[in-house]
Protein chains: 2
Amino acid sequence: MHASGSCDQCSLKLLCLPVGLPENDLWQLDEIVQRRRPITKGQVLFRMGAPFASVFAVRTGSLKTVLLSDDGTEQVTGFALAGELLGLDAINEGEHPVSAVALESTSVCEIPFDKLDALAGQLPSFRQHFMRTMSREIASDESLLALLGQRNAEQRLAAFLLSLSTRFRARGLVADRFSLSMSRADIANHLGLTQETISRLFTQFRKQGLIEIHTRDLRLLDMDSLHRIAGIRFVPLSQTA
Amino acid sequence: MHASGSCDQCSLKLLCLPVGLPENDLWQLDEIVQRRRPITKGQVLFRMGAPFASVFAVRTGSLKTVLLSDDGTEQVTGFALAGELLGLDAINEGEHPVSAVALESTSVCEIPFDKLDALAGQLPSFRQHFMRTMSREIASDESLLALLGQRNAEQRLAAFLLSLSTRFRARGLVADRFSLSMSRADIANHLGLTQETISRLFTQFRKQGLIEIHTRDLRLLDMDSLHRIAGIRFVPLSQTA
DNA sequence: CGCAAGTTCTGATCTGGATCATCCCATGGA
DNA sequence: TCCATGGGATGATCCAGATCAGAACTTGCG
């Protein structure tokens, strides 16, 4: 417990669960948060079907969440960046409906759900923040649904890149230059496309002068055009109201 | 207020918010629920962008939720049947990210969110039920994402029909015979297809002896085959753990 | 009842992105 | 340093479902 750092010292306290807490109640969250040793690329944080007991907050690194169907097809339902919560979809059934896989070296905080719930009972502002977080996840999924239901490949990728950009900015990082921790195949799967299509689109965007990309190092050169292509505002998961 | 019936008498109390409450606390929910006069087909319960103040529970009838993008394209993000909640996606932003439109004559209960939150503070079982409801919504959206991302037209429609079937059964109705309150266009949009494709698939399913359909009166004749076609278990929104 | 407007069905054609097939490149381990 | 391996790029072809165009129902209203 408290292996490294406290919520109070955490650089993510303005994005993560501490947002819901007044400064002088923060210790109560710290009390129940368990810091885990980092997991490496490809390792599974929790597996689909595993019993649910805790939600996780990403401290550093990133993960993908993957839903595996009966017939073996996979859907990457999302990517989790630092400050984001994982496992909110498991509260109802009591088991995880998706697996979470690290995309790079990643460390997480574990928050036992029964403790979290108890805290939600005591502290209205924490409860409200947690509900807002769940609500944001629903709204974000709806927006992704619209992306998959109505947009072509070009629009989907543009929207995805802009969404990542916004999420990085919310983390205090530059919005126009970042590294993709996920493969082309992961992006493709997430957007309901194939890796070939993603590859071709990156090439196309590069030729159009919209981006610069070397393997996974990405630079957005013309965000206005990307916005115009995307057509819709792809509400990013991490956007704070 | 209490214009008609109370939660205690409501036939949906085993599906809806009362699930979270012990019998002797039910009056507290009743106290805050407002029953509204019915709205007719095509009327809007709340409009995208409108300020959020209440969640709604469907008492009778059904609605679709529609996300309208900047460029005018629409995505039907879901359908709400009796006993289901609407507006959970609006808690975070404080305004509705989708519009809710009645598909037939529909009546709803309105639950002011501040009162709901206060009740969640007082009554752990209610709070937990509400969180499970939000969690189910997230898991259900993820499952729909997998449907749009990985499945062909035939599989999507089969999964959709089975999902409706399961939801009707949960309401104590027969699972193999029901009426579609939404148009072919609504179904198509929801599944990321066109109405022509839906129409053709209904014809195909009929010829294959899987269904019987007269306009909107549907009968599922071979649910096993439909399941085989769907390939995945399309977790229905209303499935109670 | 009878007409108009909306909804559903069906056919013909087209096309965006999947699929299949290589090839190339970056990375890391022996 | 070299090779092995997984990721990424690119070309050729194909096809599921979109689009376009009407015809046939169904519904509701004057």
# chains A, B, ... in the order shown; residues from 1 in each chain; ligands from 1
call {"tool": "interface_residues", "arguments": {"of": "chain A", "to": "chain B", "cutoff": "6 Å", "atoms": "only C-alpha atoms", "output": "VMD selection string"}}
result
chain A and resid 69 to 70 75 88 to 89 91 to 93 121 132 135 to 136 138 to 139 146 149 192 232 241
call {"tool": "residues_around", "arguments": {"residues": "D:DG28", "least_positions_apart": "5", "cutoff": "10 Å", "atoms": "only C-alpha atoms (C1' of nucleotides)", "output": "count of residues only"}}
result
3
call {"tool": "interface_residues", "arguments": {"of": "chain A", "to": "chain D", "cutoff": "8 Å", "atoms": "only C-alpha atoms (C1' of nucleotides)", "output": "JSON, numbers by chain"}}
result
{"A": [183, 184, 199, 200, 215]}
call {"tool": "write_last_selection", "arguments": {"atoms": "N, CA, C and O atoms", "output": "short mmCIF file (atom, residue, chain, number, x, y, z; two decimals), in the first residue's frame"}}
result
data_model
loop_
_atom_site.label_atom_id
_atom_site.label_comp_id
_atom_site.auth_asym_id
_atom_site.auth_seq_id
_atom_site.Cartn_x
_atom_site.Cartn_y
_atom_site.Cartn_z
N SER A 183 -0.94 -0.36 -32.23
CA SER A 183 -0.55 -0.73 -33.59
C SER A 183 -1.62 -0.28 -34.58
O SER A 183 -2.74 0.06 -34.21
N ARG A 184 -1.26 -0.31 -35.86
CA ARG A 184 -2.24 -0.03 -36.92
C ARG A 184 -3.43 -0.98 -36.81
O ARG A 184 -4.58 -0.59 -37.02
N SER A 199 -3.27 1.97 -42.88
CA SER A 199 -1.96 2.23 -43.46
C SER A 199 -2.08 3.16 -44.67
O SER A 199 -1.37 4.15 -44.80
N ARG A 200 -3.00 2.83 -45.56
CA ARG A 200 -3.22 3.66 -46.74
C ARG A 200 -3.66 5.06 -46.37
O ARG A 200 -3.24 6.05 -46.99
N THR A 215 6.60 5.71 -38.39
CA THR A 215 6.19 4.55 -37.61
C THR A 215 5.09 4.98 -36.62
O THR A 215 3.96 5.14 -37.04
#
call {"tool": "interface_residues", "arguments": {"of": "chain A", "to": "chain C", "cutoff": "10 Å", "atoms": "only C-alpha atoms (C1' of nucleotides)", "output": "list of chain:residue names"}}
result
A:Asn152, A:Ala153, A:Leu193, A:Thr194, A:Glu196, A:Thr197, A:Thr215
call {"tool": "select_by_dssp", "arguments": {"residues": "stretch 17-125 of chain A", "states": "strand (DSSP E or B)", "output": "PyMOL selection string"}}
result
chain A and resi 34-35+39+44-46+51+54-60+63-68+74-80+85-86+95+99-102+106-112
call {"tool": "closest_residue", "arguments": {"among": "B:Leu15, B:Ala82, B:Cys7, B:Ala102", "to": "B:Arg47", "atoms": "only C-alpha atoms"}}
result
B:Ala102
call {"tool": "atom_distance", "arguments": {"atom1": "atom CA of A:Ser54", "atom2": "atom CA of A:Asp30"}}
result
14.7 Å
call {"tool": "select_by_dssp", "arguments": {"residues": "stretch 167-204 of chain B", "states": "alpha helix (DSSP H)", "output": "ChimeraX atom specification"}}
result
/B:167-170,184-190,195-204
call {"tool": "residues_around", "arguments": {"residues": "A:Cys109", "least_positions_apart": "5", "cutoff": "9 Å", "atoms": "only C-alpha atoms (C1' of nucleotides)", "output": "compact mmCIF listing (two decimals) with all heavy atoms, in the first residue's frame"}}
result
# COMPACT_ATOMS: atom_id res chain seq x y z
N VAL A 33 -6.82 3.38 -2.10
CA VAL A 33 -6.15 3.12 -3.38
C VAL A 33 -4.93 2.23 -3.18
O VAL A 33 -4.11 2.48 -2.31
CB VAL A 33 -5.70 4.43 -4.05
CG1 VAL A 33 -4.80 4.15 -5.24
CG2 VAL A 33 -6.91 5.24 -4.47
N GLN A 34 -4.84 1.20 -4.02
CA GLN A 34 -3.65 0.34 -3.98
C GLN A 34 -2.81 0.58 -5.23
O GLN A 34 -3.31 0.50 -6.33
CB GLN A 34 -4.07 -1.13 -3.93
CG GLN A 34 -4.82 -1.48 -2.63
CD GLN A 34 -5.57 -2.77 -2.75
OE1 GLN A 34 -5.29 -3.60 -3.61
NE2 GLN A 34 -6.56 -2.97 -1.87
N ARG A 35 -1.54 0.88 -5.04
CA ARG A 35 -0.65 1.07 -6.17
C ARG A 35 -0.05 -0.28 -6.54
O ARG A 35 0.48 -0.97 -5.68
CB ARG A 35 0.46 2.07 -5.86
CG ARG A 35 0.04 3.52 -6.07
CD ARG A 35 -0.54 4.10 -4.81
NE ARG A 35 -1.12 5.43 -5.00
CZ ARG A 35 -1.88 6.00 -4.08
NH1 ARG A 35 -2.16 5.39 -2.94
NH2 ARG A 35 -2.39 7.19 -4.30
N ARG A 36 -0.10 -0.59 -7.83
CA ARG A 36 0.39 -1.87 -8.30
C ARG A 36 1.74 -1.73 -8.98
O ARG A 36 2.04 -0.69 -9.54
CB ARG A 36 -0.58 -2.39 -9.36
CG ARG A 36 -1.90 -2.84 -8.80
CD ARG A 36 -2.01 -4.28 -9.11
NE ARG A 36 -3.35 -4.78 -8.90
CZ ARG A 36 -3.88 -5.70 -9.71
NH1 ARG A 36 -3.21 -6.14 -10.76
NH2 ARG A 36 -5.07 -6.18 -9.45
N VAL A 55 -12.09 -1.18 -9.61
CA VAL A 55 -11.84 -0.42 -10.83
C VAL A 55 -10.37 0.00 -10.79
O VAL A 55 -9.74 0.00 -9.73
CB VAL A 55 -12.76 0.81 -10.97
CG1 VAL A 55 -14.22 0.39 -11.00
CG2 VAL A 55 -12.52 1.81 -9.87
N PHE A 56 -9.83 0.31 -11.96
CA PHE A 56 -8.43 0.68 -12.05
C PHE A 56 -8.30 2.07 -12.66
O PHE A 56 -9.07 2.43 -13.56
CB PHE A 56 -7.67 -0.32 -12.92
CG PHE A 56 -7.63 -1.71 -12.33
CD1 PHE A 56 -8.62 -2.63 -12.63
CD2 PHE A 56 -6.61 -2.08 -11.47
CE1 PHE A 56 -8.59 -3.91 -12.09
CE2 PHE A 56 -6.57 -3.35 -10.91
CZ PHE A 56 -7.57 -4.27 -11.22
N ALA A 57 -7.34 2.82 -12.17
CA ALA A 57 -7.01 4.10 -12.78
C ALA A 57 -5.63 3.97 -13.39
O ALA A 57 -4.71 3.45 -12.76
CB ALA A 57 -7.03 5.20 -11.73
N VAL A 58 -5.48 4.43 -14.62
CA VAL A 58 -4.18 4.37 -15.27
C VAL A 58 -3.29 5.48 -14.71
O VAL A 58 -3.69 6.64 -14.68
CB VAL A 58 -4.31 4.54 -16.79
CG1 VAL A 58 -2.95 4.43 -17.46
CG2 VAL A 58 -5.27 3.51 -17.36
N ARG A 59 -2.11 5.07 -14.23
CA ARG A 59 -1.19 6.08 -13.68
C ARG A 59 -0.22 6.54 -14.77
O ARG A 59 -0.08 7.72 -15.03
CB ARG A 59 -0.43 5.48 -12.49
CG ARG A 59 0.23 6.48 -11.60
CD ARG A 59 0.06 6.09 -10.13
NE ARG A 59 0.43 4.69 -9.96
CZ ARG A 59 1.54 4.29 -9.32
NH1 ARG A 59 2.35 5.17 -8.78
NH2 ARG A 59 1.80 3.01 -9.18
call {"tool": "atom_distance", "arguments": {"atom1": "atom CA of B:Phe52", "atom2": "atom CA of B:Leu103"}}
result
21.6 Å
call {"tool": "atom_distance", "arguments": {"atom1": "atom CA of B:Phe160", "atom2": "atom CA of B:Thr60"}}
result
20.8 Å
call {"tool": "decode", "arguments": {"residues": "stretch 6-25 of chain D", "atoms": "N, CA and C atoms (P, O5', C5', C4', C3', O3' and C1' of nucleotides)", "output": "mmCIF file, in the first residue's frame"}}
result
data_model
loop_
_atom_site.group_PDB
_atom_site.id
_atom_site.type_symbol
_atom_site.label_atom_id
_atom_site.label_comp_id
_atom_site.auth_asym_id
_atom_site.auth_seq_id
_atom_site.Cartn_x
_atom_site.Cartn_y
_atom_site.Cartn_z
ATOM 1 P P DG D 6 6.442 -13.265 -34.561
ATOM 2 O "O5'" DG D 6 5.855 -11.803 -34.379
ATOM 3 C "C5'" DG D 6 6.438 -10.913 -33.417
ATOM 4 C "C4'" DG D 6 6.242 -9.514 -33.908
ATOM 5 C "C3'" DG D 6 4.799 -9.242 -34.358
ATOM 6 O "O3'" DG D 6 4.428 -7.993 -33.811
ATOM 7 C "C1'" DG D 6 6.295 -8.713 -36.100
ATOM 8 P P DG D 7 2.988 -7.397 -33.983
ATOM 9 O "O5'" DG D 7 3.244 -6.262 -35.051
ATOM 10 C "C5'" DG D 7 3.960 -5.180 -34.530
ATOM 11 C "C4'" DG D 7 4.390 -4.251 -35.578
ATOM 12 C "C3'" DG D 7 3.210 -3.560 -36.240
ATOM 13 O "O3'" DG D 7 3.475 -2.182 -36.145
ATOM 14 C "C1'" DG D 7 4.657 -4.522 -37.866
ATOM 15 P P DG D 8 2.395 -1.172 -36.601
ATOM 16 O "O5'" DG D 8 2.818 -0.952 -38.121
ATOM 17 C "C5'" DG D 8 4.056 -0.335 -38.412
ATOM 18 C "C4'" DG D 8 4.249 -0.283 -39.904
ATOM 19 C "C3'" DG D 8 3.082 0.351 -40.672
ATOM 20 O "O3'" DG D 8 3.632 1.446 -41.387
ATOM 21 C "C1'" DG D 8 3.780 -1.669 -41.684
ATOM 22 P P DA D 9 2.737 2.300 -42.359
ATOM 23 O "O5'" DA D 9 3.075 1.647 -43.766
ATOM 24 C "C5'" DA D 9 4.339 1.881 -44.336
ATOM 25 C "C4'" DA D 9 4.362 1.369 -45.755
ATOM 26 C "C3'" DA D 9 3.319 1.998 -46.695
ATOM 27 O "O3'" DA D 9 4.035 2.400 -47.846
ATOM 28 C "C1'" DA D 9 3.171 -0.383 -46.773
ATOM 29 P P DT D 10 3.372 3.297 -48.949
ATOM 30 O "O5'" DT D 10 2.910 2.241 -50.042
ATOM 31 C "C5'" DT D 10 3.845 1.271 -50.486
ATOM 32 C "C4'" DT D 10 3.151 0.320 -51.441
ATOM 33 C "C3'" DT D 10 1.980 0.908 -52.234
ATOM 34 O "O3'" DT D 10 2.147 0.516 -53.579
ATOM 35 C "C1'" DT D 10 1.344 -1.109 -51.252
ATOM 36 P P DG D 11 1.407 1.324 -54.764
ATOM 37 O "O5'" DG D 11 0.953 0.109 -55.705
ATOM 38 C "C5'" DG D 11 1.853 -0.935 -56.023
ATOM 39 C "C4'" DG D 11 1.071 -2.191 -56.355
ATOM 40 C "C3'" DG D 11 -0.178 -1.944 -57.212
ATOM 41 O "O3'" DG D 11 -0.149 -2.834 -58.319
ATOM 42 C "C1'" DG D 11 -0.712 -3.272 -55.330
ATOM 43 P P DA D 12 -1.243 -2.839 -59.455
ATOM 44 O "O5'" DA D 12 -2.116 -4.117 -59.019
ATOM 45 C "C5'" DA D 12 -1.494 -5.385 -58.844
ATOM 46 C "C4'" DA D 12 -2.568 -6.461 -58.844
ATOM 47 C "C3'" DA D 12 -3.723 -6.222 -59.815
ATOM 48 O "O3'" DA D 12 -4.165 -7.495 -60.298
ATOM 49 C "C1'" DA D 12 -4.546 -6.189 -57.593
ATOM 50 P P DT D 13 -5.459 -7.593 -61.238
ATOM 51 O "O5'" DT D 13 -6.591 -7.992 -60.211
ATOM 52 C "C5'" DT D 13 -6.493 -9.245 -59.502
ATOM 53 C "C4'" DT D 13 -7.662 -9.356 -58.549
ATOM 54 C "C3'" DT D 13 -9.036 -9.249 -59.216
ATOM 55 O "O3'" DT D 13 -9.682 -10.493 -58.976
ATOM 56 C "C1'" DT D 13 -8.916 -7.961 -57.217
ATOM 57 P P DC D 14 -11.157 -10.763 -59.451
ATOM 58 O "O5'" DC D 14 -11.958 -10.570 -58.086
ATOM 59 C "C5'" DC D 14 -11.426 -11.145 -56.875
ATOM 60 C "C4'" DC D 14 -12.368 -10.799 -55.738
ATOM 61 C "C3'" DC D 14 -13.845 -10.945 -56.100
ATOM 62 O "O3'" DC D 14 -14.477 -11.578 -55.002
ATOM 63 C "C1'" DC D 14 -13.423 -8.754 -55.316
ATOM 64 P P DC D 15 -15.864 -12.326 -55.203
ATOM 65 O "O5'" DC D 15 -16.792 -11.674 -54.101
ATOM 66 C "C5'" DC D 15 -16.269 -11.316 -52.820
ATOM 67 C "C4'" DC D 15 -17.152 -10.235 -52.226
ATOM 68 C "C3'" DC D 15 -18.624 -10.361 -52.629
ATOM 69 O "O3'" DC D 15 -19.384 -10.026 -51.495
ATOM 70 C "C1'" DC D 15 -17.858 -8.227 -53.151
ATOM 71 P P DA D 16 -20.363 -11.044 -50.789
ATOM 72 O "O5'" DA D 16 -20.821 -10.231 -49.506
ATOM 73 C "C5'" DA D 16 -19.836 -9.710 -48.620
ATOM 74 C "C4'" DA D 16 -20.254 -8.348 -48.104
ATOM 75 C "C3'" DA D 16 -21.712 -8.227 -47.679
ATOM 76 O "O3'" DA D 16 -21.742 -7.422 -46.519
ATOM 77 C "C1'" DA D 16 -21.288 -6.723 -49.490
ATOM 78 P P DG D 17 -23.045 -7.152 -45.712
ATOM 79 O "O5'" DG D 17 -23.466 -5.709 -46.237
ATOM 80 C "C5'" DG D 17 -22.530 -4.654 -46.090
ATOM 81 C "C4'" DG D 17 -22.940 -3.481 -46.924
ATOM 82 C "C3'" DG D 17 -24.387 -3.026 -46.760
ATOM 83 O "O3'" DG D 17 -24.348 -1.620 -46.720
ATOM 84 C "C1'" DG D 17 -23.922 -3.295 -49.024
ATOM 85 P P DA D 18 -25.501 -0.647 -46.331
ATOM 86 O "O5'" DA D 18 -25.211 0.560 -47.338
ATOM 87 C "C5'" DA D 18 -23.910 1.122 -47.350
ATOM 88 C "C4'" DA D 18 -23.738 1.991 -48.575
ATOM 89 C "C3'" DA D 18 -24.845 3.013 -48.770
ATOM 90 O "O3'" DA D 18 -24.271 4.270 -49.098
ATOM 91 C "C1'" DA D 18 -24.721 1.555 -50.667
ATOM 92 P P DT D 19 -25.193 5.535 -49.218
ATOM 93 O "O5'" DT D 19 -25.604 5.580 -50.764
ATOM 94 C "C5'" DT D 19 -24.603 5.450 -51.754
ATOM 95 C "C4'" DT D 19 -25.261 5.410 -53.112
ATOM 96 C "C3'" DT D 19 -26.459 6.365 -53.283
ATOM 97 O "O3'" DT D 19 -26.233 7.091 -54.477
ATOM 98 C "C1'" DT D 19 -27.030 4.187 -53.984
ATOM 99 P P DC D 20 -27.134 8.363 -54.852
ATOM 100 O "O5'" DC D 20 -28.075 7.783 -56.017
ATOM 101 C "C5'" DC D 20 -27.485 7.053 -57.089
ATOM 102 C "C4'" DC D 20 -28.558 6.443 -57.961
ATOM 103 C "C3'" DC D 20 -29.820 7.297 -58.115
ATOM 104 O "O3'" DC D 20 -30.219 7.239 -59.475
ATOM 105 C "C1'" DC D 20 -30.407 5.155 -57.397
ATOM 106 P P DA D 21 -31.406 8.165 -60.043
ATOM 107 O "O5'" DA D 21 -32.607 7.126 -60.223
ATOM 108 C "C5'" DA D 21 -32.396 5.916 -60.950
ATOM 109 C "C4'" DA D 21 -33.670 5.090 -60.953
ATOM 110 C "C3'" DA D 21 -34.961 5.913 -60.917
ATOM 111 O "O3'" DA D 21 -35.883 5.358 -61.841
ATOM 112 C "C1'" DA D 21 -34.979 4.314 -59.197
ATOM 113 P P DG D 22 -36.971 6.360 -62.535
ATOM 114 O "O5'" DG D 22 -38.310 5.544 -62.323
ATOM 115 C "C5'" DG D 22 -38.606 5.158 -61.029
ATOM 116 C "C4'" DG D 22 -39.142 3.752 -61.082
ATOM 117 C "C3'" DG D 22 -40.641 3.773 -60.863
ATOM 118 O "O3'" DG D 22 -41.242 2.625 -61.415
ATOM 119 C "C1'" DG D 22 -39.539 2.880 -58.975
ATOM 120 P P DA D 23 -42.791 2.703 -61.740
ATOM 121 O "O5'" DA D 23 -43.320 1.454 -60.909
ATOM 122 C "C5'" DA D 23 -42.664 0.192 -61.032
ATOM 123 C "C4'" DA D 23 -43.116 -0.661 -59.859
ATOM 124 C "C3'" DA D 23 -44.629 -0.608 -59.634
ATOM 125 O "O3'" DA D 23 -45.061 -1.934 -59.367
ATOM 126 C "C1'" DA D 23 -43.504 0.080 -57.679
ATOM 127 P P DA D 24 -46.567 -2.240 -59.057
ATOM 128 O "O5'" DA D 24 -46.552 -2.376 -57.467
ATOM 129 C "C5'" DA D 24 -45.874 -3.485 -56.855
ATOM 130 C "C4'" DA D 24 -46.146 -3.394 -55.374
ATOM 131 C "C3'" DA D 24 -47.633 -3.368 -55.014
ATOM 132 O "O3'" DA D 24 -47.777 -4.165 -53.850
ATOM 133 C "C1'" DA D 24 -46.567 -1.510 -54.082
ATOM 134 P P DC D 25 -49.101 -4.955 -53.602
ATOM 135 O "O5'" DC D 25 -49.201 -4.998 -52.011
ATOM 136 C "C5'" DC D 25 -49.669 -3.818 -51.431
ATOM 137 C "C4'" DC D 25 -48.779 -3.426 -50.285
ATOM 138 C "C3'" DC D 25 -49.649 -3.108 -49.080
ATOM 139 O "O3'" DC D 25 -49.138 -3.710 -47.925
ATOM 140 C "C1'" DC D 25 -48.327 -1.211 -49.699
#
